[in-house]
>>> print(open('input.cif').read())   # mmCIF, C-alpha atoms
data_query
loop_
_atom_site.label_atom_id
_atom_site.label_comp_id
_atom_site.auth_asym_id
_atom_site.auth_seq_id
_atom_site.Cartn_x
_atom_site.Cartn_y
_atom_site.Cartn_z
CA GLU A 1 101.25 105.70 115.29
CA GLU A 2 98.54 108.30 115.91
CA ALA A 3 96.12 106.52 113.61
CA GLN A 4 96.70 103.18 115.35
CA ALA A 5 96.34 104.70 118.81
CA SER A 6 93.02 106.34 117.90
CA ARG A 7 91.37 103.05 116.92
CA ALA A 8 89.08 101.84 119.73
CA PRO A 9 89.27 98.10 120.60
CA THR A 10 86.44 95.92 119.41
CA GLN A 11 83.82 95.32 122.08
CA ARG A 12 82.41 91.86 121.61
CA PHE A 13 78.74 91.30 122.21
CA ILE A 14 79.43 88.03 124.00
CA ASP A 15 81.69 89.64 126.60
CA ARG A 16 79.05 92.23 127.46
CA PHE A 17 76.29 89.65 127.58
CA ALA A 18 78.23 87.20 129.76
CA LYS A 19 78.82 89.87 132.41
CA ILE A 20 75.05 90.14 132.80
CA TYR A 21 73.95 86.59 132.02
CA THR A 22 76.22 84.67 134.39
CA PRO A 23 75.38 86.56 137.63
CA ILE A 24 71.66 86.41 136.81
CA VAL A 25 71.72 82.63 136.26
CA VAL A 26 73.70 82.05 139.47
CA ALA A 27 71.25 84.29 141.34
CA ILE A 28 68.26 82.36 139.95
CA ALA A 29 69.90 79.06 140.94
CA CYS A 30 70.45 80.37 144.48
CA LEU A 31 66.82 81.44 144.70
CA VAL A 32 65.66 78.02 143.47
CA ALA A 33 67.81 76.35 146.14
CA VAL A 34 66.72 78.63 149.03
CA ILE A 35 63.25 80.18 148.51
CA PRO A 36 61.02 77.10 147.82
CA PRO A 37 62.08 75.12 150.94
CA LEU A 38 61.53 78.21 153.09
CA ILE A 39 58.06 78.84 151.64
CA PHE A 40 56.76 75.41 150.66
CA GLY A 41 58.90 73.20 152.85
CA GLY A 42 60.39 69.94 151.67
CA LEU A 43 63.94 68.65 151.60
CA TRP A 44 66.68 71.20 150.99
CA THR A 45 68.66 68.58 149.05
CA ASP A 46 65.85 68.25 146.48
CA TRP A 47 65.86 71.98 145.70
CA ILE A 48 69.66 72.20 145.71
CA TYR A 49 69.60 69.31 143.22
CA LYS A 50 67.14 71.23 141.00
CA ALA A 51 69.32 74.34 141.26
CA LEU A 52 72.31 72.33 140.05
CA VAL A 53 70.27 71.01 137.09
CA LEU A 54 69.45 74.64 136.25
CA LEU A 55 73.16 75.52 136.26
CA VAL A 56 73.85 72.59 133.92
CA ILE A 57 71.26 73.64 131.34
CA ALA A 58 72.25 77.32 131.70
CA CYS A 59 75.99 76.72 131.20
CA PRO A 60 77.02 79.09 128.38
CA CYS A 61 79.63 76.74 126.88
CA ALA A 62 78.05 76.89 123.39
CA LEU A 63 77.83 80.65 123.79
CA GLY A 64 81.57 80.75 124.32
CA LEU A 65 82.14 78.62 121.21
CA ALA A 66 79.78 80.56 118.94
CA THR A 67 82.22 83.29 117.90
CA PRO A 68 85.71 81.71 118.05
CA THR A 69 84.76 78.60 116.06
CA ALA A 70 83.28 80.66 113.23
CA ILE A 71 86.25 83.06 113.29
CA MET A 72 88.70 80.15 113.22
CA VAL A 73 87.03 78.59 110.18
CA GLY A 74 86.61 81.99 108.47
CA THR A 75 90.26 82.96 108.83
CA GLY A 76 91.31 79.46 107.72
CA LYS A 77 89.17 79.64 104.56
CA GLY A 78 90.58 83.12 103.93
CA ALA A 79 94.15 81.84 104.12
CA GLU A 80 93.30 79.07 101.64
CA SER A 81 92.11 81.78 99.22
CA GLY A 82 95.16 84.00 99.69
CA ILE A 83 93.45 86.37 102.14
CA LEU A 84 95.55 86.64 105.31
CA ILE A 85 93.45 88.02 108.16
CA LYS A 86 95.55 89.04 111.15
CA GLY A 87 92.87 88.67 113.81
CA GLY A 88 89.25 87.89 114.51
CA GLU A 89 88.41 91.55 115.11
CA HIS A 90 89.35 92.38 111.51
CA LEU A 91 87.12 89.63 110.16
CA GLU A 92 84.27 90.81 112.39
CA THR A 93 84.66 94.42 111.24
CA ALA A 94 84.95 93.80 107.49
CA TYR A 95 81.27 92.86 107.08
CA LYS A 96 80.26 96.43 108.02
CA ILE A 97 82.31 98.05 105.23
CA ASP A 98 80.29 100.41 103.04
CA ALA A 99 83.16 102.37 101.46
CA VAL A 100 86.43 101.17 99.93
CA ILE A 101 89.30 103.50 99.00
CA LEU A 102 91.66 102.14 96.35
CA ASP A 103 95.07 103.75 95.95
CA LYS A 104 95.81 104.16 92.23
CA THR A 105 99.50 103.47 91.64
CA GLY A 106 100.39 99.87 92.40
CA THR A 107 96.86 98.97 93.49
CA ILE A 108 94.54 99.74 90.58
CA THR A 109 97.51 99.93 88.22
CA LYS A 110 100.47 97.56 88.00
CA GLY A 111 102.85 100.16 89.38
CA ARG A 112 105.24 99.79 86.45
CA PRO A 113 104.67 102.99 84.44
CA GLU A 114 106.41 103.76 81.16
CA VAL A 115 107.18 106.98 79.30
CA THR A 116 104.67 107.25 76.43
CA ASP A 117 105.05 110.84 75.12
CA LEU A 118 107.59 113.64 75.28
CA VAL A 119 106.72 117.18 74.19
CA PRO A 120 109.83 119.44 74.07
CA LEU A 121 109.30 123.13 74.77
CA SER A 122 111.43 126.25 74.26
CA ASP A 123 114.63 125.38 72.40
CA PHE A 124 115.14 121.90 73.88
CA THR A 125 115.02 118.78 71.72
CA ALA A 126 113.28 115.58 72.82
CA GLU A 127 116.67 113.86 73.24
CA GLU A 128 118.00 116.67 75.44
CA ALA A 129 114.81 116.76 77.51
CA ILE A 130 114.78 113.04 78.32
CA TYR A 131 118.53 113.11 79.06
CA LEU A 132 118.16 115.92 81.60
CA ALA A 133 114.98 114.44 83.09
CA ALA A 134 116.66 111.04 83.54
CA ILE A 135 119.60 112.63 85.38
CA VAL A 136 117.17 114.48 87.65
CA GLU A 137 115.23 111.29 88.44
CA LYS A 138 118.28 109.05 88.86
CA LYS A 139 117.99 109.11 92.65
CA SER A 140 114.20 109.06 92.74
CA GLU A 141 112.33 106.11 94.27
CA HIS A 142 108.90 107.07 92.93
CA PRO A 143 107.59 104.72 90.18
CA LEU A 144 107.08 107.65 87.78
CA GLY A 145 110.62 108.90 88.37
CA VAL A 146 112.04 105.41 87.90
CA ALA A 147 110.18 105.14 84.56
CA ILE A 148 111.76 108.39 83.34
CA TYR A 149 115.23 107.29 84.48
CA GLU A 150 114.85 103.92 82.75
CA LYS A 151 113.79 105.64 79.51
CA GLY A 152 116.80 107.96 79.61
CA LYS A 153 119.19 105.10 80.39
CA GLN A 154 117.73 103.10 77.51
CA GLU A 155 118.36 105.95 75.06
CA HIS A 156 121.62 107.40 76.40
CA GLY A 157 123.31 104.62 78.38
CA ALA A 158 125.09 105.53 81.63
CA LEU A 159 123.95 108.79 83.19
CA PRO A 160 125.81 111.11 85.60
CA ASP A 161 124.45 111.89 89.05
CA PRO A 162 122.74 115.20 89.72
CA GLU A 163 124.82 117.65 91.75
CA GLU A 164 121.93 118.20 94.14
CA PHE A 165 118.68 116.29 94.55
CA THR A 166 115.59 117.04 96.64
CA ALA A 167 112.39 114.99 96.62
CA LEU A 168 109.23 117.07 97.01
CA PRO A 169 106.64 114.52 98.26
CA GLY A 170 103.45 114.49 96.24
CA GLN A 171 104.75 117.16 93.85
CA GLY A 172 107.97 116.02 92.17
CA VAL A 173 111.68 116.66 92.48
CA LYS A 174 114.21 119.46 92.35
CA ALA A 175 117.81 118.98 91.20
CA ARG A 176 120.91 120.83 90.04
CA VAL A 177 122.61 119.46 86.93
CA SER A 178 125.74 120.20 84.91
CA VAL A 179 126.16 118.81 81.37
CA PRO A 180 129.10 119.40 78.97
CA ALA A 181 128.55 120.45 75.37
CA GLY A 182 128.07 117.64 72.94
CA ILE A 183 125.36 115.80 74.85
CA THR A 184 123.34 118.97 74.74
CA ARG A 185 123.90 121.60 72.07
CA LYS A 186 125.30 123.98 74.64
CA PRO A 187 126.95 123.28 77.99
CA LEU A 188 124.77 123.56 81.07
CA ALA A 189 126.55 124.52 84.28
CA GLY A 190 124.65 123.98 87.52
CA VAL A 191 121.20 124.61 86.07
CA GLU A 192 118.26 124.27 88.45
CA ILE A 193 115.64 121.80 87.22
CA TYR A 194 112.15 121.23 88.57
CA LEU A 195 110.27 118.12 87.40
CA GLY A 196 106.79 117.39 88.69
CA THR A 197 103.12 118.32 88.80
CA ARG A 198 101.14 121.36 87.74
CA LYS A 199 100.85 122.29 91.40
CA LEU A 200 104.63 122.34 91.77
CA MET A 201 105.03 124.68 88.79
CA GLU A 202 102.26 126.96 90.02
CA GLU A 203 103.90 127.23 93.44
CA GLN A 204 107.23 128.04 91.79
CA GLY A 205 105.58 130.64 89.53
CA ILE A 206 106.59 128.84 86.34
CA ASP A 207 104.07 129.40 83.53
CA PHE A 208 103.19 126.43 81.30
CA GLY A 209 100.15 128.20 79.83
CA ALA A 210 101.47 127.98 76.25
CA ALA A 211 101.53 124.19 76.51
CA GLU A 212 98.04 123.87 78.02
CA LYS A 213 96.48 122.25 74.94
CA ALA A 214 99.12 119.51 74.73
CA LEU A 215 98.98 119.03 78.49
CA THR A 216 95.18 118.69 78.55
CA GLY A 217 95.22 116.22 75.66
CA LEU A 218 97.65 113.90 77.45
CA GLU A 219 95.71 114.07 80.70
CA ASP A 220 92.42 113.29 78.95
CA GLU A 221 94.04 110.07 77.75
CA GLY A 222 94.63 109.08 81.39
CA LYS A 223 98.36 109.72 81.24
CA THR A 224 100.27 111.42 84.03
CA ALA A 225 101.93 114.51 82.59
CA MET A 226 105.18 115.54 84.30
CA LEU A 227 106.33 119.11 83.68
CA MET A 228 110.02 119.99 83.49
CA ALA A 229 111.44 123.49 83.90
CA VAL A 230 115.13 124.38 83.44
CA ASP A 231 116.24 127.55 85.22
CA ARG A 232 112.54 128.36 85.74
CA GLN A 233 111.74 128.16 82.01
CA PRO A 234 109.36 125.48 80.59
CA ALA A 235 111.50 122.77 78.95
CA ALA A 236 109.28 119.72 78.32
CA ILE A 237 106.17 117.73 79.11
CA ILE A 238 106.86 114.06 79.78
CA ALA A 239 103.80 111.78 79.78
CA VAL A 240 103.94 108.59 81.79
CA ALA A 241 101.24 105.91 81.75
CA ASP A 242 100.70 102.93 84.01
CA THR A 243 98.92 99.78 82.90
CA LEU A 244 95.68 98.90 84.66
CA LYS A 245 95.50 95.54 86.39
CA GLU A 246 93.38 93.10 84.40
CA THR A 247 91.07 92.36 87.34
CA ALA A 248 90.63 95.96 88.57
CA LYS A 249 87.41 96.69 86.66
CA GLU A 250 85.85 93.36 87.66
CA ALA A 251 86.73 93.92 91.33
CA VAL A 252 85.20 97.43 91.30
CA GLY A 253 82.04 96.01 89.71
CA GLU A 254 81.76 93.32 92.39
CA LEU A 255 82.15 95.89 95.19
CA ALA A 256 79.50 98.13 93.63
CA ALA A 257 77.12 95.15 93.29
CA MET A 258 77.59 94.52 97.02
CA GLY A 259 76.38 98.06 97.78
CA ILE A 260 79.84 99.40 98.61
CA ASP A 261 80.96 102.88 97.47
CA VAL A 262 84.35 102.75 95.74
CA TYR A 263 86.79 105.69 95.81
CA MET A 264 90.06 106.11 93.92
CA LEU A 265 92.84 107.96 95.75
CA THR A 266 95.74 109.49 93.83
CA GLY A 267 98.20 112.35 93.74
CA ASP A 268 97.45 112.85 90.02
CA ASN A 269 95.57 115.92 88.83
CA ARG A 270 91.80 115.66 88.51
CA ARG A 271 91.67 115.27 84.72
CA THR A 272 94.12 112.35 84.63
CA ALA A 273 92.54 110.75 87.69
CA ALA A 274 89.04 111.00 86.20
CA ALA A 275 90.24 109.37 82.97
CA VAL A 276 91.73 106.39 84.84
CA ALA A 277 88.66 106.10 87.09
CA ARG A 278 86.37 105.94 84.06
CA GLN A 279 88.32 102.98 82.69
CA VAL A 280 87.65 100.90 85.81
CA GLY A 281 84.14 102.19 86.54
CA ILE A 282 84.85 104.33 89.62
CA ASP A 283 82.66 107.42 90.10
CA ASN A 284 84.25 108.83 93.27
CA VAL A 285 87.73 110.29 92.74
CA LEU A 286 90.01 111.81 95.39
CA ALA A 287 92.69 113.53 93.29
CA GLU A 288 95.73 115.73 93.96
CA VAL A 289 96.14 114.17 97.40
CA LEU A 290 99.58 114.56 98.98
CA PRO A 291 101.00 111.49 100.77
CA GLU A 292 100.51 113.04 104.21
CA GLU A 293 96.86 113.81 103.36
CA LYS A 294 95.80 110.22 102.64
CA ALA A 295 94.89 109.44 106.24
CA GLU A 296 92.92 112.71 106.39
CA LYS A 297 90.78 111.55 103.43
CA VAL A 298 90.00 108.35 105.31
CA GLU A 299 89.02 110.35 108.39
CA ASP A 300 86.79 112.61 106.27
CA LEU A 301 84.78 109.62 105.06
CA LYS A 302 84.59 108.20 108.58
CA GLU A 303 83.16 111.51 109.79
CA GLN A 304 80.43 111.08 107.18
CA GLY A 305 79.41 107.90 109.00
CA LYS A 306 81.02 105.46 106.60
CA VAL A 307 82.85 102.29 107.60
CA VAL A 308 85.97 102.60 105.45
CA ALA A 309 88.39 100.03 104.08
CA MET A 310 91.65 101.34 102.61
CA VAL A 311 93.50 99.27 100.01
CA GLY A 312 97.14 100.18 99.31
CA ASP A 313 100.66 98.90 98.91
CA GLY A 314 103.13 101.74 99.49
CA ILE A 315 104.99 103.30 102.39
CA ASN A 316 102.90 106.46 102.20
CA ASP A 317 99.69 104.36 102.34
CA ALA A 318 100.51 103.04 105.83
CA PRO A 319 98.91 105.87 107.88
CA ALA A 320 95.71 105.61 105.82
CA LEU A 321 95.69 101.81 106.19
CA ALA A 322 95.97 102.23 109.97
CA ALA A 323 93.32 104.98 110.12
CA ALA A 324 90.70 102.96 108.21
CA ALA A 325 88.30 100.57 109.94
CA ILE A 326 90.06 97.87 107.91
CA GLY A 327 93.41 98.29 106.15
CA ILE A 328 93.95 95.89 103.25
CA ALA A 329 97.50 95.61 101.93
CA LEU A 330 98.70 93.88 98.79
CA GLY A 331 101.24 91.15 99.50
CA SER A 332 103.46 92.62 96.77
CA GLY A 333 103.59 95.92 98.69
CA THR A 334 106.02 97.32 101.23
CA ASP A 335 106.58 95.77 104.65
CA VAL A 336 105.29 98.83 106.48
CA ALA A 337 102.01 98.75 104.52
CA ILE A 338 101.54 95.07 105.36
CA GLU A 339 102.35 95.77 109.02
CA ALA A 340 99.79 98.59 109.23
CA ALA A 341 97.00 96.59 107.58
CA GLY A 342 94.60 94.14 109.21
CA ILE A 343 94.20 92.05 106.05
CA THR A 344 96.91 91.16 103.54
CA LEU A 345 96.11 89.85 100.07
CA LEU A 346 98.72 87.25 99.18
CA ARG A 347 97.66 87.36 95.52
CA ASP A 348 98.11 90.57 93.54
CA ASP A 349 94.44 90.37 92.53
CA LEU A 350 91.93 93.07 93.51
CA ARG A 351 89.07 90.56 93.31
CA ALA A 352 90.29 89.35 96.70
CA VAL A 353 88.94 92.61 98.23
CA PRO A 354 85.24 91.81 97.58
CA ALA A 355 86.06 88.17 98.43
CA ALA A 356 87.31 89.29 101.86
CA VAL A 357 84.12 91.26 102.48
CA ARG A 358 81.97 88.31 101.39
CA LEU A 359 83.95 86.01 103.70
CA SER A 360 83.36 88.40 106.60
CA ARG A 361 79.63 88.60 105.86
CA GLN A 362 79.34 84.82 105.69
CA THR A 363 81.29 84.43 108.93
CA MET A 364 79.06 86.92 110.74
CA ARG A 365 76.01 85.07 109.42
CA LYS A 366 77.42 81.87 110.95
CA ILE A 367 78.12 83.64 114.25
CA LYS A 368 74.50 84.82 114.43
CA GLN A 369 73.26 81.31 113.65
CA ASN A 370 75.59 79.93 116.34
CA LEU A 371 74.25 82.40 118.88
CA PHE A 372 70.71 81.23 118.04
CA TRP A 373 71.65 77.58 118.67
CA ALA A 374 73.45 78.54 121.87
CA PHE A 375 70.54 80.59 123.18
CA ILE A 376 67.68 78.31 122.17
CA TYR A 377 68.70 75.49 124.53
CA ASN A 378 69.23 77.89 127.43
CA THR A 379 66.03 79.80 126.75
CA LEU A 380 63.87 76.66 126.57
CA GLY A 381 65.67 74.75 129.30
CA ILE A 382 66.07 77.29 132.12
CA PRO A 383 62.31 77.68 132.89
CA PHE A 384 61.81 73.87 132.99
CA ALA A 385 64.86 73.46 135.23
CA ALA A 386 63.79 76.29 137.54
CA PHE A 387 60.47 74.52 138.22
CA GLY A 388 62.10 71.15 138.62
CA PHE A 389 60.71 69.56 135.47
CA LEU A 390 64.02 68.81 133.77
CA ASN A 391 65.97 65.58 134.11
CA PRO A 392 69.72 66.22 134.66
CA VAL A 393 70.63 63.66 131.98
CA ILE A 394 68.52 65.55 129.44
CA ALA A 395 70.05 68.84 130.61
CA GLY A 396 73.56 67.49 130.13
CA ALA A 397 72.70 66.03 126.71
CA ALA A 398 71.12 69.32 125.61
CA MET A 399 74.25 71.24 126.56
CA ALA A 400 76.48 68.79 124.72
CA PHE A 401 74.25 68.90 121.65
CA SER A 402 74.25 72.72 121.65
CA SER A 403 78.06 72.70 121.48
CA VAL A 404 78.00 70.09 118.70
CA SER A 405 75.42 72.20 116.82
CA VAL A 406 77.61 75.31 117.04
CA VAL A 407 80.81 73.58 115.91
CA THR A 408 79.06 71.71 113.08
CA ASN A 409 77.41 74.92 111.87
CA SER A 410 80.76 76.74 111.88
CA LEU A 411 82.43 73.96 109.92
CA SER A 412 79.66 74.05 107.32
#
>>> encode(input="input.cif", output="structure tokens")
Amino acid sequence: EEAQASRAPTQRFIDRFAKIYTPIVVAIACLVAVIPPLIFGGLWTDWIYKALVLLVIACPCALGLATPTAIMVGTGKGAESGILIKGGEHLETAYKIDAVILDKTGTITKGRPEVTDLVPLSDFTAEEAIYLAAIVEKKSEHPLGVAIYEKGKQEHGALPDPEEFTALPGQGVKARVSVPAGITRKPLAGVEIYLGTRKLMEEQGIDFGAAEKALTGLEDEGKTAMLMAVDRQPAAIIAVADTLKETAKEAVGELAAMGIDVYMLTGDNRRTAAAVARQVGIDNVLAEVLPEEKAEKVEDLKEQGKVVAMVGDGINDAPALAAAAIGIALGSGTDVAIEAAGITLLRDDLRAVPAAVRLSRQTMRKIKQNLFWAFIYNTLGIPFAAFGFLNPVIAGAAMAFSSVSVVTNSLS
């Protein structure tokens, strides 16, 4: 709500111009009708007639059509291509974008991670570790937690609920678990389990230093390493990897070719984030970002003078989508993300992001051309009309043709 409230409304050039243009033209027409007969004499009706011809040629009807016709066609062509633009102001703003932030999970990646490696520590076996981790993550809604739960269910079947469960946003989860003997070699009664990031373990004072080599190796492969501690003792490293979307690298390349800086935003640690970014060709990485910090990262780039687009799909992306100059949500994402965004991509294809920017640039080019056609008739016609050299039929035809020129140009 704060991000949406802080966004200033778009001030259209036409609105500002019309406030100045219209009174000036009416004033000139009044002068043409009044001053010449007072100074040079002659019939008042002749000069009033010339003043009316001036108003005809000066009528800004084409000026009023210049922007909305181009916006209408632009948004229509966008919808045909699976790019849903919620309003003309979003289409007008998108052409200025010089920085795009891509959320990693579900945007660059498919958002369907799988457990790839499990490194047991202390006296736990791999089977015990995945069993306990799956119980802990049973009530989790995070894609990484769901992947661990699915792996445990696949290997062990039905799993009991944790006795207590607390989600720690951006860091992991905390749970209390009891397991009878047989499933694990010894019974576990109400043990406290933490499962999450390095940062979580550091804050809890749990030392995983002995497993640093294994941890670093997994992260260098671009895998997200989840650390599990049982009763504050290291128990396992569980590596989870998400598959990159096939079009992600191509989309990043297109954005870079358009002169747009691309950033990847993720809660992963820097080593894992850098490995994923390298695979898609992204140089700018914003790693270890908590969900509530995403909007702050957008604001940081805006303070650097950048016009920022944020691309995301999750609930915790919504504030960042609202804070950006343009929020772009994937149609496969959550309702709140789609609501907060100005543009929604109906296809789960990141190439639609550069396509949306290109569409905006082409639309703005048409608007500028339309403004030229609208102005050229007024600019050439007003002086002739003011001195009485313009036939009213020609003035009317010129105004009609200026409107036809604008609409035809928009449709092209």
>>> residues_around(input="input.cif", residues="range 193-197 of chain A", least_positions_apart="6", cutoff="8 Å", atoms="only C-alpha atoms", output="number ranges by chain")
A: 133, 136, 171-177, 225-232, 268-269
>>> resolve_selection(input="input.cif", expression="the PyMOL selection byres ((chain A and resi 62-71) around 7)", output="MDAnalysis selection string")
chainID A and resid 60:61 72:75 88 363 366:367 370:371 374 402:403 406:407 410
>>> closest_residue(input="input.cif", among="A:Thr379, A:Thr109, A:Thr184, A:Thr125", to="Ala398 in chain A", atoms="all atoms listed in the file")
A:Thr379
>>> resolve_selection(input="input.cif", expression="the PyMOL selection byres ((chain A and resi 142) around 12)", output="ChimeraX atom specification")
/A:105-106,111-113,137-141,143-149,167-173,196,267,291,314-316
>>> resolve_selection(input="input.cif", expression="the PyMOL selection byres ((chain A and resi 118-124) around 7)", output="mmCIF file with C-alpha atoms, in the coordinates of the input")
data_model
loop_
_atom_site.group_PDB
_atom_site.id
_atom_site.type_symbol
_atom_site.label_atom_id
_atom_site.label_comp_id
_atom_site.auth_asym_id
_atom_site.auth_seq_id
_atom_site.Cartn_x
_atom_site.Cartn_y
_atom_site.Cartn_z
ATOM 1 C CA ASP A 117 105.050 110.840 75.120
ATOM 2 C CA THR A 125 115.020 118.780 71.720
ATOM 3 C CA ALA A 126 113.280 115.580 72.820
ATOM 4 C CA GLU A 128 118.000 116.670 75.440
ATOM 5 C CA ALA A 129 114.810 116.760 77.510
ATOM 6 C CA PRO A 234 109.360 125.480 80.590
ATOM 7 C CA ALA A 235 111.500 122.770 78.950
ATOM 8 C CA ALA A 236 109.280 119.720 78.320
ATOM 9 C CA ILE A 237 106.170 117.730 79.110
ATOM 10 C CA ILE A 238 106.860 114.060 79.780
ATOM 11 C CA ALA A 239 103.800 111.780 79.780
#
>>> atom_distance(input="input.cif", atom1="CA of Gly253 in chain A", atom2="CA of Ile282 in chain A")
8.8 Å
>>> atom_distance(input="input.cif", atom1="CA of Asp103 in chain A", atom2="CA of Leu265 in chain A")
4.8 Å
>>> residues_around(input="input.cif", residues="Val34 in chain A", least_positions_apart="4", cutoff="10 Å", atoms="all atoms listed in the file", output="ChimeraX atom specification")
/A:28-30,38-39,44,47-48,51
>>> atom_distance(input="input.cif", atom1="CA of Asp317 in chain A", atom2="CA of Glu202 in chain A")
25.9 Å
>>> residues_around(input="input.cif", residues="Gly217 in chain A", least_positions_apart="2", cutoff="12 Å", atoms="only C-alpha atoms", output="MDAnalysis selection string")
chainID A and resid 117 119 211:215 219:225 237 239 271:272 275
>>> closest_residue(input="input.cif", among="A:Leu350, A:Ile343, A:Ala134, A:Val56", to="Pro392 in chain A", atoms="only C-alpha atoms")
A:Val56
>>> closest_residue(input="input.cif", among="A:Thr166, A:Gln304, A:Gln233, A:Thr93", to="Ser360 in chain A", atoms="all atoms listed in the file")
A:Thr93
>>> closest_residue(input="input.cif", among="A:Ile130, A:Phe401, A:Lys104, A:Lys77", to="Thr266 in chain A", atoms="only C-alpha atoms")
A:Lys104
>>> residues_around(input="input.cif", residues="range 306-310 of chain A", least_positions_apart="2", cutoff="8 Å", atoms="all atoms listed in the file", output="list in words")
Ala94, Lys96, Ile97, Asp98, Ala99, Val100, Ile101, Leu102, Asp103, Val298, Leu301, Lys302, Glu303, Gln304, Gly312, Ala320, Leu321, Ala324, Ala325, Ile326, Gly327 and Ile328 of chain A
>>> write_last_selection(input="input.cif", atoms="C-alpha atoms", output="compact mmCIF listing (two decimals), in the coordinates of the input")
# COMPACT_ATOMS: atom_id res chain seq x y z
CA ALA A 94 84.95 93.80 107.49
CA LYS A 96 80.26 96.43 108.02
CA ILE A 97 82.31 98.05 105.23
CA ASP A 98 80.29 100.41 103.04
CA ALA A 99 83.16 102.37 101.46
CA VAL A 100 86.43 101.17 99.93
CA ILE A 101 89.30 103.50 99.00
CA LEU A 102 91.66 102.14 96.35
CA ASP A 103 95.07 103.75 95.95
CA VAL A 298 90.00 108.35 105.31
CA LEU A 301 84.78 109.62 105.06
CA LYS A 302 84.59 108.20 108.58
CA GLU A 303 83.16 111.51 109.79
CA GLN A 304 80.43 111.08 107.18
CA GLY A 312 97.14 100.18 99.31
CA ALA A 320 95.71 105.61 105.82
CA LEU A 321 95.69 101.81 106.19
CA ALA A 324 90.70 102.96 108.21
CA ALA A 325 88.30 100.57 109.94
CA ILE A 326 90.06 97.87 107.91
CA GLY A 327 93.41 98.29 106.15
CA ILE A 328 93.95 95.89 103.25
>>> closest_residue(input="input.cif", among="A:Ile20, A:Thr216, A:Gly342, A:Ile108", to="Tyr263 in chain A", atoms="all atoms listed in the file")
A:Ile108
>>> residues_near_point(input="input.cif", point="(72.8, 80.2, 132.8)", cutoff="12 Å", atoms="all atoms listed in the file", output="number ranges by chain")
A: 17-30, 51-63, 374-383, 385-386, 395, 399
>>> closest_residue(input="input.cif", among="A:Asp46, A:Glu114, A:Asp15, A:Asp348", to="Ala241 in chain A", atoms="only C-alpha atoms")
A:Glu114
